[in-house]
Amino acid sequence: MHVTPYEKKDPMLLVPLYEHPADRPEDWELLIRAAPRLHSVVLNPDSGPGDAPDERFAVVAERLREAGVPVLGYADTDYGRRPHAAVVQDLLRHRDWYATDGAFLDQAAAGPEFLAHYGRLGVAARAAGARTVVLNHGVHPHPGYAELADLLVTFEGPWDAYRDAAAVPPWTADHPAQRFCHLVYAVPPGAPASLAEQLASQRGAGVHCAVPGTGAHPWGTLPYALEAAG
């Protein structure tokens with residue numbers, strides 16, 4: 001199994017910024033300036049790579065890579081229902097159009113019955129050039145998934161649910177914190193950015209992102225930690 005070498009021990013930010021660079025250029029500039037704090041950035045032009053390359057996304061992807069930030073191509077797996085070939089096509093387009101060096105497999109299934117399916121997707125992602133593979137389960141999955149990816153997203157949801165989240169499964173203690181990520185949205189202005197980071201650390205997640213965005217499109221906003229720095 002491939003495991004990305006993490007040299008930094010402080011909590012890092014994985015940022016899924018699902019906004020077009022032409023619409024929010026200042027946010028992308030802030031991301032690039034914040035490169036030392038970033039674990040990676042998810043590139044998602046159109047719920048995936050889209051039907052044709054977009055030069056604006058290609059430019060920001062290149063600048064992030066030059067700054068040393070892994071760029072993850074977004075692909076929806078629809079909880080194991082989306083055909084293998086369709087997911088792989090998305091990853092290949094990300095590679096060919098945006099030179100992504102990682103894969104963010106969204107809506108990943110969590111049950112043991114899909115382990116073989118995601119194992120094949122992981123192999124295909126590596127073959128497509130991904131040095132970092134992220135599975136976004138949004139919950140703690142079967143422990144077997146830890147052998148298939150570099151990073152597991154084990155929480156995605158609103159702040160209220162995160163604040164009161166249940167205990168972390170014991171099996172996670174067998175892996176370093178840098179193998180787990182928490183994505184939190186609808187974080188109110190009164191909740192300091194440091195609190196979300198503290199909760200992630202206490203729950204064994206060395207990678208996180210906490211944003212104010214709400215509704216059906218919460219990932220159009222930057223994490224508080226970067227907004228404060230900007």
# chains A, B, ... in the order shown; residues from 1 in each chain; ligands from 1
$ residues_around --residues "Pro45 of chain A" --least-positions-apart "4" --cutoff "12 Å" --atoms "only C-alpha atoms" --output "list in words"
Pro16, Leu17, Tyr18, Glu19, His20, Pro21, Ala22, Pro49, Gly50, Asp51, Ala52, Pro53, Asp54, Glu55, Arg56, Phe57, Ala58, Val60, Ala61, Leu72, Gly73, Tyr74, Ala75, Asp90, Arg93, His94, Trp97, Tyr98 and Gly220 of chain A
$ residues_around --residues "Tyr224 of chain A" --least-positions-apart "3" --cutoff "12 Å" --atoms "only C-alpha atoms" --output "number ranges by chain"
A: 13, 15, 184-197, 208-213, 221, 227-230
$ select_by_dssp --residues "segment 38-82 of chain A" --states "alpha helix (DSSP H)" --output "number ranges by chain"
A: 55-66
$ closest_residue --among "A:Arg179, A:Arg131, A:Arg82, A:His140" --to "Leu14 of chain A" --atoms "only C-alpha atoms"
A:Arg179
$ residues_around --residues "segment 103-107 of chain A" --least-positions-apart "2" --cutoff "9 Å" --atoms "only C-alpha atoms" --output "ChimeraX atom specification"
/A:42-43,71-80,87,91,94,100-101,109,121-122,125-126,130-138
$ select_by_dssp --residues "segment 14-148 of chain A" --states "strand (DSSP E)" --output "list of chain:residue names"
A:Leu14, A:Val15, A:Pro16, A:Leu38, A:His39, A:Ser40, A:Val41, A:Val42, A:Leu43, A:Val71, A:Leu72, A:Gly73, A:Tyr74, A:Ala75, A:Asp76, A:Gly102, A:Ala103, A:Phe104, A:Leu105, A:Asp106, A:Thr132, A:Val133, A:Val134, A:Leu135, A:Asn136
$ decode --residues "segment 135-154 of chain A" --atoms "N, CA, C and O atoms" --output "tab-separated table (two decimals), in the first residue's frame"
chain	number	residue	atom	x	y	z
A	135	LEU	N	-10.47	9.07	0.20
A	135	LEU	CA	-11.83	8.54	0.17
A	135	LEU	C	-12.69	9.36	1.12
A	135	LEU	O	-12.41	9.43	2.32
A	136	ASN	N	-13.73	9.98	0.59
A	136	ASN	CA	-14.63	10.78	1.42
A	136	ASN	C	-15.87	9.95	1.76
A	136	ASN	O	-16.85	9.94	1.02
A	137	HIS	N	-15.79	9.25	2.88
A	137	HIS	CA	-16.94	8.49	3.36
A	137	HIS	C	-17.93	9.40	4.09
A	137	HIS	O	-19.12	9.15	4.09
A	138	GLY	N	-17.40	10.40	4.78
A	138	GLY	CA	-18.23	11.28	5.58
A	138	GLY	C	-18.59	10.70	6.93
A	138	GLY	O	-19.14	11.40	7.79
A	139	VAL	N	-18.27	9.43	7.13
A	139	VAL	CA	-18.49	8.73	8.41
A	139	VAL	C	-17.30	7.78	8.58
A	139	VAL	O	-16.51	7.58	7.66
A	140	HIS	N	-17.18	7.19	9.75
A	140	HIS	CA	-16.13	6.19	9.93
A	140	HIS	C	-16.53	4.92	9.18
A	140	HIS	O	-17.58	4.33	9.48
A	141	PRO	N	-15.70	4.49	8.24
A	141	PRO	CA	-16.04	3.29	7.46
A	141	PRO	C	-15.52	2.03	8.12
A	141	PRO	O	-14.90	2.07	9.20
A	142	HIS	N	-15.73	0.93	7.45
A	142	HIS	CA	-15.10	-0.32	7.85
A	142	HIS	C	-13.59	-0.11	7.89
A	142	HIS	O	-13.02	0.56	7.00
A	143	PRO	N	-12.89	-0.65	8.88
A	143	PRO	CA	-11.45	-0.39	8.99
A	143	PRO	C	-10.63	-0.85	7.80
A	143	PRO	O	-9.51	-0.36	7.58
A	144	GLY	N	-11.15	-1.74	6.98
A	144	GLY	CA	-10.42	-2.19	5.81
A	144	GLY	C	-10.11	-1.09	4.81
A	144	GLY	O	-9.16	-1.19	4.03
A	145	TYR	N	-10.90	0.00	4.83
A	145	TYR	CA	-10.66	1.09	3.89
A	145	TYR	C	-9.35	1.81	4.18
A	145	TYR	O	-8.80	2.47	3.28
A	146	ALA	N	-8.85	1.71	5.39
A	146	ALA	CA	-7.59	2.37	5.72
A	146	ALA	C	-6.43	1.81	4.90
A	146	ALA	O	-5.40	2.47	4.74
A	147	GLU	N	-6.60	0.60	4.36
A	147	GLU	CA	-5.55	0.00	3.54
A	147	GLU	C	-5.63	0.42	2.08
A	147	GLU	O	-4.76	0.09	1.29
A	148	LEU	N	-6.68	1.16	1.73
A	148	LEU	CA	-6.92	1.47	0.32
A	148	LEU	C	-6.58	2.90	-0.07
A	148	LEU	O	-6.54	3.21	-1.26
A	149	ALA	N	-6.38	3.79	0.90
A	149	ALA	CA	-6.19	5.20	0.59
A	149	ALA	C	-5.18	5.81	1.54
A	149	ALA	O	-4.85	5.25	2.58
A	150	ASP	N	-4.71	6.99	1.18
A	150	ASP	CA	-3.79	7.73	2.03
A	150	ASP	C	-4.53	8.50	3.12
A	150	ASP	O	-3.98	8.76	4.19
A	151	LEU	N	-5.77	8.91	2.81
A	151	LEU	CA	-6.53	9.74	3.73
A	151	LEU	C	-8.00	9.34	3.65
A	151	LEU	O	-8.55	9.19	2.55
A	152	LEU	N	-8.62	9.18	4.81
A	152	LEU	CA	-10.05	8.89	4.89
A	152	LEU	C	-10.76	10.09	5.51
A	152	LEU	O	-10.36	10.56	6.59
A	153	VAL	N	-11.78	10.59	4.83
A	153	VAL	CA	-12.64	11.62	5.43
A	153	VAL	C	-13.70	10.88	6.24
A	153	VAL	O	-14.57	10.22	5.69
A	154	THR	N	-13.59	10.98	7.57
A	154	THR	CA	-14.46	10.20	8.45
A	154	THR	C	-15.56	11.04	9.08
A	154	THR	O	-16.35	10.53	9.87
